[in-house]
$ cat query25.tsv   # TSV, C-alpha atoms
chain	number	residue	atom	x	y	z
H	25	MET	CA	-97.92	-108.00	-150.30
H	26	ALA	CA	-100.23	-106.60	-152.92
H	27	THR	CA	-102.58	-103.75	-152.01
H	28	ILE	CA	-106.30	-104.16	-152.68
H	29	LYS	CA	-108.18	-100.91	-153.38
H	30	ILE	CA	-111.96	-100.90	-153.23
H	31	GLY	CA	-114.15	-98.07	-154.50
H	32	ASN	CA	-113.35	-94.92	-156.48
H	33	VAL	CA	-109.57	-94.68	-156.94
H	34	THR	CA	-109.47	-92.18	-159.79
H	35	GLY	CA	-111.11	-89.07	-158.30
H	36	ALA	CA	-111.33	-87.05	-155.10
H	37	VAL	CA	-113.46	-88.65	-152.40
H	38	TYR	CA	-114.79	-85.95	-150.07
H	39	GLN	CA	-115.26	-87.04	-146.50
H	40	ALA	CA	-118.59	-86.75	-144.69
H	41	GLU	CA	-117.35	-84.22	-142.08
H	42	ARG	CA	-117.54	-80.69	-143.51
H	43	PRO	CA	-117.52	-78.30	-140.50
H	44	LEU	CA	-118.42	-74.64	-141.07
H	45	HIS	CA	-117.97	-71.89	-138.49
H	46	LEU	CA	-119.75	-68.55	-138.92
H	47	ASN	CA	-118.23	-65.61	-137.03
H	48	PRO	CA	-120.34	-62.78	-135.57
H	49	ASP	CA	-118.88	-60.33	-138.11
H	50	GLY	CA	-120.26	-62.32	-141.06
H	51	SER	CA	-117.03	-64.07	-142.00
H	52	ALA	CA	-116.85	-67.85	-142.11
H	53	GLN	CA	-114.28	-70.62	-141.93
H	54	ALA	CA	-114.78	-74.11	-143.30
H	55	SER	CA	-112.75	-77.28	-143.24
H	56	LEU	CA	-112.90	-79.79	-146.09
H	57	THR	CA	-111.14	-83.15	-146.30
H	58	TYR	CA	-110.85	-85.44	-149.29
H	59	LYS	CA	-108.89	-88.57	-150.12
H	60	CYS	CA	-107.39	-89.87	-153.33
H	61	THR	CA	-104.68	-92.21	-154.52
H	62	THR	CA	-101.06	-91.15	-154.72
H	63	GLU	CA	-101.12	-91.41	-158.51
H	64	SER	CA	-104.32	-89.39	-158.88
H	65	VAL	CA	-104.30	-85.90	-160.44
H	66	PHE	CA	-106.22	-84.80	-157.32
H	67	ALA	CA	-103.27	-85.57	-155.02
H	68	ILE	CA	-102.26	-81.89	-155.03
H	69	ILE	CA	-102.76	-79.36	-152.24
H	70	PRO	CA	-105.29	-76.72	-153.37
H	71	ALA	CA	-103.60	-73.43	-154.21
H	72	TYR	CA	-104.13	-70.36	-152.02
H	73	LEU	CA	-107.40	-68.59	-152.94
H	74	THR	CA	-108.84	-71.66	-154.67
H	75	SER	CA	-112.64	-71.56	-154.30
H	76	HIS	CA	-114.39	-73.99	-151.99
H	77	PRO	CA	-116.02	-76.62	-154.25
H	78	PHE	CA	-119.43	-76.22	-152.57
H	79	LEU	CA	-119.24	-72.69	-151.10
H	80	PRO	CA	-117.47	-70.57	-153.75
H	81	ASP	CA	-117.46	-67.44	-151.56
H	82	LEU	CA	-114.92	-69.18	-149.35
H	83	LYS	CA	-111.32	-69.24	-150.57
H	84	CYS	CA	-108.54	-71.66	-149.64
H	85	TYR	CA	-106.32	-70.32	-146.86
H	86	GLU	CA	-104.10	-73.26	-145.90
H	87	SER	CA	-103.92	-77.05	-146.36
H	88	ASP	CA	-102.39	-80.18	-144.88
H	89	LEU	CA	-101.43	-83.32	-146.78
H	90	ASP	CA	-100.81	-86.71	-145.22
H	91	GLN	CA	-100.28	-90.20	-146.59
H	92	GLU	CA	-102.22	-93.19	-145.36
H	93	LEU	CA	-101.61	-96.88	-145.79
H	94	GLY	CA	-102.50	-98.37	-149.14
H	95	GLY	CA	-101.26	-95.50	-151.30
H	96	ILE	CA	-103.97	-93.10	-150.12
H	97	ILE	CA	-103.45	-89.36	-149.75
H	98	ARG	CA	-105.55	-87.32	-147.29
H	99	ILE	CA	-105.78	-83.58	-147.93
H	100	THR	CA	-107.48	-81.21	-145.46
H	101	SER	CA	-107.96	-77.58	-146.45
H	102	ILE	CA	-109.15	-74.52	-144.54
H	103	TYR	CA	-111.29	-72.01	-146.43
H	104	LYS	CA	-112.16	-68.45	-145.36
H	105	GLY	CA	-114.61	-65.97	-146.77
H	106	VAL	CA	-117.58	-63.68	-146.14
H	107	LEU	CA	-121.09	-65.13	-146.20
H	108	ALA	CA	-123.10	-62.15	-144.87
H	109	ASP	CA	-124.93	-60.07	-147.49
H	110	ASN	CA	-124.06	-56.77	-145.77
H	111	PRO	CA	-121.22	-57.48	-143.31
H	112	GLU	CA	-120.74	-53.79	-142.39
H	113	LEU	CA	-124.01	-54.03	-140.46
H	114	LEU	CA	-122.27	-56.66	-138.30
H	115	ALA	CA	-119.29	-54.42	-137.53
H	116	GLN	CA	-117.61	-54.68	-134.14
H	117	HIS	CA	-117.24	-51.37	-132.25
H	118	GLU	CA	-114.93	-50.04	-129.56
H	119	TYR	CA	-114.91	-46.71	-127.75
H	120	GLY	CA	-112.67	-45.36	-125.04
H	121	ARG	CA	-112.70	-42.03	-123.24
H	122	THR	CA	-109.08	-40.87	-123.14
H	123	THR	CA	-106.85	-37.88	-122.40
H	124	THR	CA	-103.90	-36.49	-124.32
H	125	GLU	CA	-101.28	-33.99	-123.23
H	126	ALA	CA	-101.65	-30.45	-124.60
H	127	PRO	CA	-99.98	-27.08	-123.90
H	128	ILE	CA	-101.53	-25.23	-120.97
H	129	GLU	CA	-102.14	-22.20	-123.22
H	130	THR	CA	-104.67	-24.24	-125.24
H	131	HIS	CA	-106.90	-24.99	-122.23
H	132	PRO	CA	-110.46	-23.67	-122.78
H	133	LEU	CA	-110.00	-21.40	-119.76
H	134	PHE	CA	-107.40	-19.47	-121.76
H	135	ALA	CA	-108.11	-20.22	-125.44
H	136	VAL	CA	-111.86	-20.67	-126.03
H	137	PRO	CA	-113.57	-19.17	-127.95
H	138	LEU	CA	-110.84	-19.16	-130.57
H	139	SER	CA	-112.23	-16.00	-132.18
H	140	ASP	CA	-111.90	-14.03	-128.92
H	141	PRO	CA	-109.70	-15.94	-126.46
H	142	PRO	CA	-109.65	-14.91	-122.78
H	143	VAL	CA	-105.85	-14.59	-123.02
H	144	THR	CA	-104.80	-12.49	-126.03
H	145	PRO	CA	-101.61	-13.05	-128.04
H	146	ALA	CA	-100.19	-9.85	-126.58
H	147	GLN	CA	-100.82	-11.12	-123.05
H	148	LEU	CA	-99.20	-14.48	-123.92
H	149	ALA	CA	-96.08	-12.65	-125.13
H	150	ALA	CA	-96.00	-10.53	-121.98
H	151	ILE	CA	-96.33	-13.61	-119.79
H	152	GLU	CA	-93.47	-15.40	-121.56
H	153	LEU	CA	-91.23	-12.33	-121.34
H	154	ALA	CA	-91.92	-11.92	-117.62
H	155	LEU	CA	-91.15	-15.58	-116.98
H	156	GLN	CA	-87.94	-15.48	-119.00
H	157	ASN	CA	-86.71	-12.46	-117.06
H	158	ALA	CA	-87.93	-13.79	-113.69
H	159	GLN	CA	-90.08	-10.70	-113.27
H	160	SER	CA	-93.57	-10.05	-112.01
H	161	PRO	CA	-96.18	-9.73	-114.77
H	162	PRO	CA	-97.12	-6.23	-116.02
H	163	ALA	CA	-100.32	-4.58	-114.84
H	164	SER	CA	-102.08	-5.62	-118.06
H	165	ILE	CA	-101.96	-9.27	-116.95
H	166	THR	CA	-105.22	-9.77	-115.07
H	167	GLY	CA	-108.05	-12.31	-114.92
H	168	ALA	CA	-107.43	-15.46	-116.98
H	169	ALA	CA	-104.05	-14.14	-118.09
H	170	LEU	CA	-102.90	-13.80	-114.47
H	171	THR	CA	-104.15	-17.32	-113.73
H	172	LEU	CA	-102.10	-18.61	-116.67
H	173	TYR	CA	-99.01	-16.72	-115.47
H	174	ASN	CA	-99.31	-18.17	-111.97
H	175	LYS	CA	-99.65	-21.73	-113.30
H	176	LYS	CA	-96.67	-21.39	-115.63
H	177	ARG	CA	-94.74	-19.75	-112.78
H	178	ARG	CA	-95.33	-22.98	-110.83
H	179	GLY	CA	-93.97	-25.03	-113.73
H	180	ILE	CA	-97.30	-26.21	-115.14
H	181	GLU	CA	-96.75	-26.24	-118.91
H	182	SER	CA	-99.38	-28.73	-120.02
H	183	TYR	CA	-102.66	-30.39	-119.07
H	184	LEU	CA	-104.50	-33.61	-119.94
H	185	LYS	CA	-107.07	-32.78	-122.60
H	186	PRO	CA	-110.16	-35.04	-122.55
H	187	GLY	CA	-111.09	-36.80	-125.77
H	188	GLY	CA	-112.00	-40.23	-127.05
H	189	ILE	CA	-111.09	-42.97	-129.53
H	190	TYR	CA	-113.74	-44.78	-131.58
H	191	LYS	CA	-112.83	-47.93	-133.53
H	192	LYS	CA	-114.93	-49.79	-136.07
H	193	THR	CA	-113.93	-53.21	-137.44
H	194	TYR	CA	-115.78	-55.15	-140.11
H	195	VAL	CA	-115.17	-57.62	-142.94
H	196	SER	CA	-115.64	-57.38	-146.68
H	197	ASN	CA	-115.02	-59.31	-149.88
H	198	ASP	CA	-113.13	-56.32	-151.31
H	199	TYR	CA	-110.41	-53.89	-150.32
H	200	PRO	CA	-111.53	-50.47	-149.00
H	201	GLY	CA	-112.06	-47.93	-151.78
H	202	ALA	CA	-110.25	-44.64	-152.32
H	203	ALA	CA	-113.17	-42.62	-150.91
H	204	LEU	CA	-112.77	-44.29	-147.52
H	205	MET	CA	-108.96	-44.21	-147.52
H	206	ASN	CA	-108.99	-40.49	-148.36
H	207	GLN	CA	-110.87	-39.73	-145.13
H	208	VAL	CA	-107.66	-40.17	-143.13
H	209	GLY	CA	-106.59	-36.84	-141.66
H	210	LYS	CA	-109.98	-35.21	-142.21
H	211	ILE	CA	-112.73	-34.06	-139.85
H	212	VAL	CA	-115.59	-36.52	-140.28
H	213	THR	CA	-118.62	-37.83	-138.43
H	214	PRO	CA	-118.21	-41.61	-137.96
H	215	GLY	CA	-121.93	-42.20	-137.40
H	216	SER	CA	-123.81	-44.47	-135.00
H	217	PRO	CA	-123.02	-46.12	-132.65
H	218	ALA	CA	-120.10	-43.73	-132.10
H	219	PRO	CA	-121.06	-41.34	-129.30
H	220	THR	CA	-122.20	-37.96	-130.59
H	221	ALA	CA	-119.45	-35.36	-130.25
H	222	PRO	CA	-120.20	-32.83	-127.49
H	223	ALA	CA	-120.86	-29.23	-128.51
H	224	GLY	CA	-117.65	-27.60	-129.71
H	225	GLN	CA	-115.92	-30.93	-130.37
H	226	ASN	CA	-115.65	-33.19	-133.43
H	227	TYR	CA	-113.97	-36.32	-134.76
H	228	LEU	CA	-110.84	-36.71	-136.85
H	229	CYS	CA	-110.22	-39.88	-138.89
H	230	ILE	CA	-106.76	-40.92	-137.69
H	231	GLY	CA	-106.41	-44.19	-139.57
H	232	ILE	CA	-107.88	-46.71	-142.01
H	233	SER	CA	-106.18	-50.10	-142.19
H	234	TRP	CA	-107.00	-53.50	-143.60
H	235	SER	CA	-105.71	-57.06	-143.62
H	236	LYS	CA	-106.56	-59.96	-145.92
H	237	GLN	CA	-106.81	-63.68	-145.22
H	238	ALA	CA	-108.05	-65.73	-148.17
H	239	GLY	CA	-111.54	-64.39	-149.01
H	240	VAL	CA	-111.81	-62.16	-145.91
H	241	VAL	CA	-110.72	-58.52	-145.94
H	242	THR	CA	-110.83	-57.06	-142.41
H	243	ILE	CA	-111.17	-53.27	-142.39
H	244	MET	CA	-110.40	-51.12	-139.34
H	245	GLU	CA	-111.42	-47.47	-139.00
H	246	ASP	CA	-110.10	-45.25	-136.19
H	247	TYR	CA	-111.48	-41.86	-135.15
H	248	GLN	CA	-110.26	-39.49	-132.45
H	249	LEU	CA	-112.54	-37.06	-130.62
H	250	SER	CA	-111.12	-33.57	-130.23
H	251	GLY	CA	-110.94	-31.60	-127.02
H	252	PRO	CA	-113.02	-28.46	-126.46
H	253	GLY	CA	-112.82	-26.13	-129.43
H	254	GLY	CA	-112.67	-28.89	-132.04
H	255	TRP	CA	-109.94	-29.76	-134.53
H	256	ASP	CA	-108.29	-26.78	-136.21
H	257	THR	CA	-109.99	-26.40	-139.61
H	258	ASP	CA	-106.92	-24.57	-140.95
H	259	LEU	CA	-104.95	-27.79	-140.46
H	260	TYR	CA	-107.61	-30.45	-141.06
H	261	SER	CA	-110.17	-30.28	-143.85
H	262	THR	CA	-113.73	-31.54	-143.58

$ encode --input "query25.tsv" --output "structure tokens"
Amino acid sequence: MATIKIGNVTGAVYQAERPLHLNPDGSAQASLTYKCTTESVFAIIPAYLTSHPFLPDLKCYESDLDQELGGIIRITSIYKGVLADNPELLAQHEYGRTTTEAPIETHPLFAVPLSDPPVTPAQLAAIELALQNAQSPPASITGAALTLYNKKRRGIESYLKPGGIYKKTYVSNDYPGAALMNQVGKIVTPGSPAPTAPAGQNYLCIGISWSKQAGVVTIMEDYQLSGPGGWDTDLYST
């Protein structure tokens, strides 16, 4: 039986439903459906990163093609992109107070201030020698040094050092620049709303990562708060 086609059969006929979802971080996702005939030049799935015909900031992410009766093709595409003018202002933030294991000798009771620690290097050496030889500490081991000896004598070699992890996630149209990527491994101040570092402590940038989906680049920044005494400036630059 012959097929009767009514209406425009040479171009793309966009359907009335054009849903758009705006995320709290400023990124957006839109769905667009159009129909055409099987012989039409429009019967091709849009290529990845093809611009949305009405919202060019959104780029094609994925598409579905289906065939309907009467030689009609239905193509539905998903587009993703960033619509916010300054999406970094819409960044999502996470913060957690954490602890990490550290040698007992680095506890503030024995090592702070670094310029004049309560337990001197000579006392540390004497403590280790006494422990190795299963001997009592020499008379020079008093105060904080004696406290350290007694703890190590009981098998306490480490403690849980308090710190924190701050994470910032936001979207962008572009990949992160070299200036941001070069912060990894350096002592930096992440800025508000990261909690202000307590006196004698600071933040280290421990990672910058990103992922891309169509027109959305998601950037993740991670910062770790030091324990008392701060990060060693001989090992980490500012």

$ residues_near_point --input "query25.tsv" --point "(-117.4, -78.6, -147.2)" --cutoff "8 Å" --atoms "only C-alpha atoms" --output "list in words"
Glu41, Arg42, Pro43, Leu44, Ala54, Ser55, Leu56, Thr57, His76, Pro77, Phe78 and Leu79 of chain H

$ closest_residue --input "query25.tsv" --among "H:Ser216, H:Asn47, H:Asn226, H:Thr171" --to "Asp256 in chain H" --atoms "all atoms listed in the file"
H:Asn226

$ closest_atom_pairs --input "query25.tsv" --of "range 202-239 of chain H" --to "range 80-96 of chain H" --cutoff "12 Å" --atoms "all atoms listed in the file" --output "CSV"
residue,atom,partner,partner_atom,distance
H:Lys236,CA,H:Tyr85,CA,10.4
H:Gln237,CA,H:Tyr85,CA,6.9
H:Ala238,CA,H:Tyr85,CA,5.1
H:Gly239,CA,H:Lys83,CA,5.1

$ closest_residue --input "query25.tsv" --among "H:Trp234, H:Tyr183, H:Tyr194, H:Phe134" --to "Thr166 in chain H" --atoms "all atoms listed in the file"
H:Phe134

$ closest_residue --input "query25.tsv" --among "H:Ala67, H:Thr100, H:Asp246, H:Val241" --to "Gly50 in chain H" --atoms "all atoms listed in the file"
H:Val241

$ residues_around --input "query25.tsv" --residues "range 250-252 of chain H" --least-positions-apart "6" --cutoff "12 Å" --atoms "all atoms listed in the file" --output "JSON, numbers by chain"
{"H": [121, 122, 123, 124, 125, 126, 130, 131, 132, 133, 134, 135, 136, 137, 138, 183, 184, 185, 186, 187, 188, 189, 190, 211, 212, 213, 220, 221, 222, 223, 224, 225, 226, 227, 228, 229, 230, 260]}

$ atom_distance --input "query25.tsv" --atom1 "CA of Asn110 in chain H" --atom2 "CA of Val195 in chain H"
9.4 Å

$ atom_distance --input "query25.tsv" --atom1 "CA of Ile99 in chain H" --atom2 "CA of Phe66 in chain H"
9.5 Å

$ residues_around --input "query25.tsv" --residues "Ser196 in chain H" --least-positions-apart "2" --cutoff "12 Å" --atoms "all atoms listed in the file" --output "PDB file with C-alpha atoms, keeping the file's coordinate frame"
ATOM      1  CA  ASP H  49    -118.880 -60.330-138.110  1.00  0.00           C
ATOM      2  CA  GLY H  50    -120.260 -62.320-141.060  1.00  0.00           C
ATOM      3  CA  SER H  51    -117.030 -64.070-142.000  1.00  0.00           C
ATOM      4  CA  ALA H  52    -116.850 -67.850-142.110  1.00  0.00           C
ATOM      5  CA  ASP H  81    -117.460 -67.440-151.560  1.00  0.00           C
ATOM      6  CA  LYS H 104    -112.160 -68.450-145.360  1.00  0.00           C
ATOM      7  CA  GLY H 105    -114.610 -65.970-146.770  1.00  0.00           C
ATOM      8  CA  VAL H 106    -117.580 -63.680-146.140  1.00  0.00           C
ATOM      9  CA  LEU H 107    -121.090 -65.130-146.200  1.00  0.00           C
ATOM     10  CA  ALA H 108    -123.100 -62.150-144.870  1.00  0.00           C
ATOM     11  CA  ASP H 109    -124.930 -60.070-147.490  1.00  0.00           C
ATOM     12  CA  ASN H 110    -124.060 -56.770-145.770  1.00  0.00           C
ATOM     13  CA  PRO H 111    -121.220 -57.480-143.310  1.00  0.00           C
ATOM     14  CA  GLU H 112    -120.740 -53.790-142.390  1.00  0.00           C
ATOM     15  CA  LEU H 113    -124.010 -54.030-140.460  1.00  0.00           C
ATOM     16  CA  LEU H 114    -122.270 -56.660-138.300  1.00  0.00           C
ATOM     17  CA  ALA H 115    -119.290 -54.420-137.530  1.00  0.00           C
ATOM     18  CA  THR H 193    -113.930 -53.210-137.440  1.00  0.00           C
ATOM     19  CA  TYR H 194    -115.780 -55.150-140.110  1.00  0.00           C
ATOM     20  CA  ASP H 198    -113.130 -56.320-151.310  1.00  0.00           C
ATOM     21  CA  TYR H 199    -110.410 -53.890-150.320  1.00  0.00           C
ATOM     22  CA  PRO H 200    -111.530 -50.470-149.000  1.00  0.00           C
ATOM     23  CA  GLY H 201    -112.060 -47.930-151.780  1.00  0.00           C
ATOM     24  CA  TRP H 234    -107.000 -53.500-143.600  1.00  0.00           C
ATOM     25  CA  SER H 235    -105.710 -57.060-143.620  1.00  0.00           C
ATOM     26  CA  LYS H 236    -106.560 -59.960-145.920  1.00  0.00           C
ATOM     27  CA  GLN H 237    -106.810 -63.680-145.220  1.00  0.00           C
ATOM     28  CA  ALA H 238    -108.050 -65.730-148.170  1.00  0.00           C
ATOM     29  CA  GLY H 239    -111.540 -64.390-149.010  1.00  0.00           C
ATOM     30  CA  VAL H 240    -111.810 -62.160-145.910  1.00  0.00           C
ATOM     31  CA  VAL H 241    -110.720 -58.520-145.940  1.00  0.00           C
ATOM     32  CA  THR H 242    -110.830 -57.060-142.410  1.00  0.00           C
ATOM     33  CA  ILE H 243    -111.170 -53.270-142.390  1.00  0.00           C
ATOM     34  CA  MET H 244    -110.400 -51.120-139.340  1.00  0.00           C
TER      35      MET H 244
END

$ residues_around --input "query25.tsv" --residues "range 148-157 of chain H" --least-positions-apart "2" --cutoff "10 Å" --atoms "only C-alpha atoms" --output "JSON, numbers by chain"
{"H": [129, 134, 143, 144, 145, 146, 159, 160, 161, 162, 164, 165, 169, 170, 172, 173, 174, 176, 177]}

$ residues_around --input "query25.tsv" --residues "Met205 in chain H" --least-positions-apart "2" --cutoff "9 Å" --atoms "only C-alpha atoms" --output "compact mmCIF listing (two decimals) with C-alpha atoms, in the frame of the given file"
# COMPACT_ATOMS: atom_id res chain seq x y z
CA PRO H 200 -111.53 -50.47 -149.00
CA GLY H 201 -112.06 -47.93 -151.78
CA ALA H 202 -110.25 -44.64 -152.32
CA ALA H 203 -113.17 -42.62 -150.91
CA GLN H 207 -110.87 -39.73 -145.13
CA VAL H 208 -107.66 -40.17 -143.13
CA GLY H 231 -106.41 -44.19 -139.57
CA ILE H 232 -107.88 -46.71 -142.01
CA SER H 233 -106.18 -50.10 -142.19

$ atom_distance --input "query25.tsv" --atom1 "CA of Tyr247 in chain H" --atom2 "CA of Lys191 in chain H"
6.4 Å

$ closest_residue --input "query25.tsv" --among "H:Lys192, H:His45, H:Pro127, H:Lys59" --to "Lys175 in chain H" --atoms "all atoms listed in the file"
H:Pro127

$ closest_residue --input "query25.tsv" --among "H:Leu249, H:Leu259, H:Ile128, H:Cys60" --to "Ser182 in chain H" --atoms "only C-alpha atoms"
H:Ile128

$ build_atoms --input "query25.tsv" --residues "range 102-130 of chain H" --atoms "N, CA and C atoms" --output "PDB file, keeping the file's coordinate frame"
ATOM      1  N   ILE H 102    -108.379 -75.523-145.264  1.00  0.00           N
ATOM      2  CA  ILE H 102    -109.150 -74.520-144.540  1.00  0.00           C
ATOM      3  C   ILE H 102    -109.517 -73.406-145.521  1.00  0.00           C
ATOM      4  N   TYR H 103    -110.786 -73.059-145.534  1.00  0.00           N
ATOM      5  CA  TYR H 103    -111.290 -72.010-146.430  1.00  0.00           C
ATOM      6  C   TYR H 103    -111.866 -70.865-145.594  1.00  0.00           C
ATOM      7  N   LYS H 104    -111.628 -69.632-146.049  1.00  0.00           N
ATOM      8  CA  LYS H 104    -112.160 -68.450-145.360  1.00  0.00           C
ATOM      9  C   LYS H 104    -112.826 -67.524-146.353  1.00  0.00           C
ATOM     10  N   GLY H 105    -113.898 -66.891-145.904  1.00  0.00           N
ATOM     11  CA  GLY H 105    -114.610 -65.970-146.770  1.00  0.00           C
ATOM     12  C   GLY H 105    -115.708 -65.251-146.004  1.00  0.00           C
ATOM     13  N   VAL H 106    -116.487 -64.452-146.729  1.00  0.00           N
ATOM     14  CA  VAL H 106    -117.580 -63.680-146.140  1.00  0.00           C
ATOM     15  C   VAL H 106    -118.894 -64.218-146.692  1.00  0.00           C
ATOM     16  N   LEU H 107    -119.797 -64.594-145.797  1.00  0.00           N
ATOM     17  CA  LEU H 107    -121.090 -65.130-146.200  1.00  0.00           C
ATOM     18  C   LEU H 107    -122.241 -64.148-145.985  1.00  0.00           C
ATOM     19  N   ALA H 108    -122.045 -63.126-145.146  1.00  0.00           N
ATOM     20  CA  ALA H 108    -123.100 -62.150-144.870  1.00  0.00           C
ATOM     21  C   ALA H 108    -123.338 -61.275-146.104  1.00  0.00           C
ATOM     22  N   ASP H 109    -124.604 -60.928-146.353  1.00  0.00           N
ATOM     23  CA  ASP H 109    -124.930 -60.070-147.490  1.00  0.00           C
ATOM     24  C   ASP H 109    -124.425 -58.642-147.283  1.00  0.00           C
ATOM     25  N   ASN H 110    -124.528 -58.118-146.065  1.00  0.00           N
ATOM     26  CA  ASN H 110    -124.060 -56.770-145.770  1.00  0.00           C
ATOM     27  C   ASN H 110    -123.262 -56.821-144.466  1.00  0.00           C
ATOM     28  N   PRO H 111    -121.998 -57.255-144.542  1.00  0.00           N
ATOM     29  CA  PRO H 111    -121.220 -57.480-143.310  1.00  0.00           C
ATOM     30  C   PRO H 111    -120.939 -56.210-142.515  1.00  0.00           C
ATOM     31  N   GLU H 112    -121.018 -55.018-143.149  1.00  0.00           N
ATOM     32  CA  GLU H 112    -120.740 -53.790-142.390  1.00  0.00           C
ATOM     33  C   GLU H 112    -121.773 -53.578-141.291  1.00  0.00           C
ATOM     34  N   LEU H 113    -122.987 -54.135-141.499  1.00  0.00           N
ATOM     35  CA  LEU H 113    -124.010 -54.030-140.460  1.00  0.00           C
ATOM     36  C   LEU H 113    -123.647 -54.867-139.233  1.00  0.00           C
ATOM     37  N   LEU H 114    -122.710 -55.797-139.398  1.00  0.00           N
ATOM     38  CA  LEU H 114    -122.270 -56.660-138.300  1.00  0.00           C
ATOM     39  C   LEU H 114    -120.950 -56.195-137.711  1.00  0.00           C
ATOM     40  N   ALA H 115    -120.574 -54.956-137.981  1.00  0.00           N
ATOM     41  CA  ALA H 115    -119.290 -54.420-137.530  1.00  0.00           C
ATOM     42  C   ALA H 115    -119.155 -54.514-136.013  1.00  0.00           C
ATOM     43  N   GLN H 116    -117.929 -54.692-135.564  1.00  0.00           N
ATOM     44  CA  GLN H 116    -117.610 -54.680-134.140  1.00  0.00           C
ATOM     45  C   GLN H 116    -117.130 -53.275-133.780  1.00  0.00           C
ATOM     46  N   HIS H 117    -117.522 -52.763-132.616  1.00  0.00           N
ATOM     47  CA  HIS H 117    -117.240 -51.370-132.250  1.00  0.00           C
ATOM     48  C   HIS H 117    -116.522 -51.301-130.912  1.00  0.00           C
ATOM     49  N   GLU H 118    -115.622 -50.315-130.802  1.00  0.00           N
ATOM     50  CA  GLU H 118    -114.930 -50.040-129.560  1.00  0.00           C
ATOM     51  C   GLU H 118    -114.909 -48.537-129.335  1.00  0.00           C
ATOM     52  N   TYR H 119    -115.021 -48.135-128.072  1.00  0.00           N
ATOM     53  CA  TYR H 119    -114.910 -46.710-127.750  1.00  0.00           C
ATOM     54  C   TYR H 119    -114.253 -46.563-126.396  1.00  0.00           C
ATOM     55  N   GLY H 120    -113.344 -45.621-126.309  1.00  0.00           N
ATOM     56  CA  GLY H 120    -112.670 -45.360-125.040  1.00  0.00           C
ATOM     57  C   GLY H 120    -112.542 -43.863-124.813  1.00  0.00           C
ATOM     58  N   ARG H 121    -112.886 -43.422-123.618  1.00  0.00           N
ATOM     59  CA  ARG H 121    -112.700 -42.030-123.240  1.00  0.00           C
ATOM     60  C   ARG H 121    -111.252 -41.879-122.792  1.00  0.00           C
ATOM     61  N   THR H 122    -110.509 -40.971-123.392  1.00  0.00           N
ATOM     62  CA  THR H 122    -109.080 -40.870-123.140  1.00  0.00           C
ATOM     63  C   THR H 122    -108.687 -39.411-122.906  1.00  0.00           C
ATOM     64  N   THR H 123    -107.428 -39.218-122.507  1.00  0.00           N
ATOM     65  CA  THR H 123    -106.850 -37.880-122.400  1.00  0.00           C
ATOM     66  C   THR H 123    -105.526 -37.853-123.137  1.00  0.00           C
ATOM     67  N   THR H 124    -105.195 -36.698-123.680  1.00  0.00           N
ATOM     68  CA  THR H 124    -103.900 -36.490-124.320  1.00  0.00           C
ATOM     69  C   THR H 124    -103.289 -35.214-123.784  1.00  0.00           C
ATOM     70  N   GLU H 125    -101.961 -35.163-123.768  1.00  0.00           N
ATOM     71  CA  GLU H 125    -101.280 -33.990-123.230  1.00  0.00           C
ATOM     72  C   GLU H 125    -101.317 -32.847-124.239  1.00  0.00           C
ATOM     73  N   ALA H 126    -101.584 -31.642-123.750  1.00  0.00           N
ATOM     74  CA  ALA H 126    -101.650 -30.450-124.600  1.00  0.00           C
ATOM     75  C   ALA H 126    -101.059 -29.267-123.853  1.00  0.00           C
ATOM     76  N   PRO H 127    -100.538 -28.263-124.566  1.00  0.00           N
ATOM     77  CA  PRO H 127     -99.980 -27.080-123.900  1.00  0.00           C
ATOM     78  C   PRO H 127    -101.024 -26.379-123.034  1.00  0.00           C
ATOM     79  N   ILE H 128    -100.609 -25.871-121.893  1.00  0.00           N
ATOM     80  CA  ILE H 128    -101.530 -25.230-120.970  1.00  0.00           C
ATOM     81  C   ILE H 128    -102.229 -24.034-121.608  1.00  0.00           C
ATOM     82  N   GLU H 129    -101.542 -23.374-122.563  1.00  0.00           N
ATOM     83  CA  GLU H 129    -102.140 -22.200-123.220  1.00  0.00           C
ATOM     84  C   GLU H 129    -103.384 -22.543-124.022  1.00  0.00           C
ATOM     85  N   THR H 130    -103.533 -23.838-124.412  1.00  0.00           N
ATOM     86  CA  THR H 130    -104.670 -24.240-125.240  1.00  0.00           C
ATOM     87  C   THR H 130    -105.878 -24.670-124.410  1.00  0.00           C
TER      88      THR H 130
END
